[in-house]
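> Handing over model22.cif, mmCIF, C-alpha atoms.
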data_run
loop_
_atom_site.label_atom_id
_atom_site.label_comp_id
_atom_site.auth_asym_id
_atom_site.auth_seq_id
_atom_site.Cartn_x
_atom_site.Cartn_y
_atom_site.Cartn_z
CA MET A 8 6.58 -9.69 16.69
CA ASP A 9 4.21 -11.70 14.50
CA VAL A 10 4.90 -10.97 10.83
CA GLU A 11 3.03 -12.30 7.82
CA TYR A 12 4.74 -12.43 4.42
CA ILE A 13 2.64 -10.68 1.73
CA GLY A 14 4.74 -10.96 -1.42
CA LYS A 15 7.21 -8.93 -3.43
CA LEU A 16 7.21 -5.45 -4.88
CA ASN A 17 8.78 -4.31 -8.13
CA LYS A 18 11.63 -2.01 -7.09
CA GLN A 19 11.54 -0.38 -10.54
CA ILE A 20 7.92 0.75 -10.05
CA TYR A 21 8.55 1.98 -6.49
CA SER A 22 11.71 3.86 -7.46
CA CYS A 23 9.32 6.78 -8.14
CA VAL A 24 9.08 7.12 -4.35
CA MET A 25 12.77 6.56 -3.66
CA ASN A 26 15.60 4.84 -5.43
CA ASN A 27 17.41 3.13 -2.56
CA ILE A 28 14.83 0.48 -1.63
CA ALA A 29 16.82 -2.21 0.16
CA LEU A 30 14.74 -5.32 -0.61
CA ASP A 31 11.61 -6.45 -2.41
CA ASP A 32 9.87 -8.59 0.25
CA VAL A 33 6.72 -7.09 1.79
CA VAL A 34 5.25 -8.04 5.17
CA ILE A 35 2.43 -7.03 7.47
CA THR A 36 2.65 -7.26 11.25
CA ALA A 37 -0.05 -8.59 13.54
CA GLU A 38 -0.26 -5.10 15.09
CA ARG A 39 -0.99 -3.53 11.67
CA ILE A 40 -3.59 -6.21 10.88
CA GLN A 41 -5.33 -5.32 14.15
CA HIS A 42 -5.10 -1.60 13.26
CA ILE A 43 -6.84 -2.27 9.92
CA ILE A 44 -9.51 -4.45 11.56
CA ASP A 45 -10.15 -1.80 14.24
CA ARG A 46 -10.37 1.17 11.86
CA HIS A 47 -11.86 -0.44 8.76
CA PRO A 48 -14.12 -3.25 10.00
CA MET A 49 -14.73 -5.98 7.45
CA ASP A 50 -12.22 -4.63 4.89
CA TYR A 51 -9.35 -6.84 6.04
CA GLU A 52 -11.37 -10.06 6.14
CA ARG A 53 -13.21 -9.38 2.87
CA PHE A 54 -10.38 -7.94 0.81
CA MET A 55 -7.04 -9.07 2.31
CA SER A 56 -6.49 -11.44 -0.64
CA TYR A 57 -6.13 -8.35 -2.88
CA ILE A 58 -3.16 -6.92 -0.96
CA PRO A 59 -0.44 -8.75 -2.96
CA SER A 60 -1.85 -7.59 -6.32
CA ILE A 61 -2.38 -4.03 -5.03
CA ILE A 62 1.33 -3.93 -4.18
CA SER A 63 2.62 -5.77 -7.26
CA GLU A 64 0.35 -4.01 -9.79
CA PRO A 65 -0.60 -0.56 -8.46
CA ASP A 66 -2.78 1.69 -10.62
CA PHE A 67 -1.33 4.82 -8.99
CA ILE A 68 1.32 5.70 -6.45
CA ILE A 69 0.75 9.14 -5.01
CA GLU A 70 2.94 11.26 -2.81
CA ALA A 71 2.73 10.50 0.91
CA ASN A 72 3.22 12.99 3.72
CA ARG A 73 5.87 10.76 5.34
CA PRO A 74 9.33 9.83 4.09
CA HIS A 75 9.97 6.36 2.60
CA THR A 76 6.22 5.82 2.21
CA ALA A 77 4.07 4.98 -0.81
CA VAL A 78 0.34 5.65 -1.01
CA ILE A 79 -1.03 3.10 -3.46
CA LEU A 80 -4.39 3.29 -5.23
CA LYS A 81 -5.80 0.25 -7.00
CA GLU A 82 -9.14 -0.58 -8.58
CA ILE A 83 -10.06 -4.26 -8.64
CA LEU A 84 -12.20 -4.36 -11.77
CA ALA A 85 -13.74 -7.79 -11.11
CA ASP A 86 -15.28 -6.42 -7.90
CA GLY A 87 -15.67 -2.78 -8.90
CA GLU A 88 -13.93 -1.86 -5.62
CA LYS A 89 -11.20 0.75 -5.08
CA PHE A 90 -8.51 0.52 -2.44
CA LYS A 91 -5.90 2.66 -0.75
CA LEU A 92 -2.84 1.04 0.80
CA ILE A 93 -0.04 2.71 2.75
CA LEU A 94 3.34 0.99 2.34
CA ARG A 95 6.49 1.85 4.31
CA LEU A 96 9.55 1.13 2.18
CA ARG A 97 12.76 -0.14 3.75
CA VAL A 98 15.80 1.91 2.82
CA GLU A 99 19.44 1.00 3.27
CA SER A 100 19.80 3.33 6.27
CA ASP A 101 17.02 1.50 8.19
CA PRO A 102 17.89 -1.12 10.83
CA ALA A 103 18.71 -4.53 9.34
CA ASP A 104 15.52 -6.16 10.64
CA TYR A 105 13.20 -3.64 8.91
CA LYS A 106 11.14 -4.85 5.95
CA ASN A 107 8.85 -3.19 3.43
CA SER A 108 5.68 -3.17 5.47
CA VAL A 109 1.96 -2.53 4.97
CA LEU A 110 0.92 0.22 7.40
CA SER A 111 -2.77 0.43 6.50
CA PHE A 112 -5.27 -0.65 3.88
CA TRP A 113 -8.92 0.10 3.22
CA ARG A 114 -11.64 0.28 0.62
CA ILE A 115 -12.41 3.78 -0.66
CA GLY A 116 -15.23 5.34 -2.63
CA ASP A 117 -15.13 7.25 -5.90
CA THR A 118 -15.06 10.64 -4.18
CA THR A 119 -11.99 9.77 -2.09
CA TRP A 120 -10.30 8.21 -5.15
CA ASP A 121 -10.95 11.30 -7.30
CA LYS A 122 -9.87 13.69 -4.54
CA ALA A 123 -6.59 11.82 -3.97
CA LEU A 124 -5.74 11.94 -7.67
CA ARG A 125 -6.73 15.60 -7.95
CA ASN A 126 -5.00 16.90 -4.81
CA LYS A 127 -1.86 14.79 -4.49
CA LYS A 128 1.20 14.53 -6.69
CA ILE A 129 1.00 11.38 -8.83
CA LEU A 130 4.38 9.62 -8.77
CA TYR A 131 3.39 6.57 -10.83
CA ARG A 132 0.55 5.73 -13.16
CA ARG A 133 0.05 2.25 -14.60
CA THR A 134 0.03 2.38 -18.37
#
Translate the structure of the given file into structure tokens.

Amino acid sequence: MDVEYIGKLNKQIYSCVMNNIALDDVVITAERIQHIIDRHPMDYERFMSYIPSIISEPDFIIEANRPHTAVILKEILADGEKFKLILRLRVESDPADYKNSVLSFWRIGDTTWDKALRNKKILYRRT
């Protein structure tokens, strides 16, 4: 499986989702890149360079509807763009070859941003 290294996450920040995160490396698979390209045309090519900072410096982490998963919201002020990223966290009970992995990523509008913060439990807020 083709895997691209993204960067590292801060386990202390992501402990709001779960406290037994096994490692701090984050990857994205070729299959997930294709998923993003198929579902959110142009977002991956235009904004993929933001993925490491979205993960390392999230504005919000909100509750996901799947275990071991973080829903990350980040506004890139220089561009005035807002993003949502879904990150599957590797826990100690996962198979040894699992990594923290980006599942999806896309640009969102103000309405989606506001709705997510209003309707979901906020686990982390950048201060």
> Enter the distance from CA of Met49 in chain A to CA of Leu80 in chain A, in Å, rounded to one decimal.
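According to the coordinates, CA of Met49 in chain A and CA of Leu80 in chain A are separated by 18.8 Å.
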> Can you list, as a ChimeraX atom specification, every protein, DNA or RNA residue that comes within 12 Å of range 43-46 of chain A when you count all atoms listed in the file, leaving out same-chain residues fewer than 6 positions away?
/A:35-37,52-55,91-93,109-114
> Using all atoms listed in the file for the distances, tell me which of A:Ala77, A:Ala29, A:Ile20, A:Leu96 is nearest to Arg132 in chain A.
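Counting all atoms listed in the file, the residue closest to Arg132 in chain A is A:Ile20.
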> Using all atoms listed in the file, which residue out of A:Arg39, A:Glu70, A:Ile13, A:Ala85 lies closest to Ile58 in chain A?
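Residue with the minimum atom-to-atom distance to Ile58 in chain A: A:Ile13.
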> With a distance cut-off of 6 Å and all atoms listed in the file, select the neighbouring residues of Val34 in chain A, excluding the residue or stretch itself and same-chain residues fewer than 6 positions from it, and output the selection as a PyMOL selection string.
chain A and resi 11-13+108
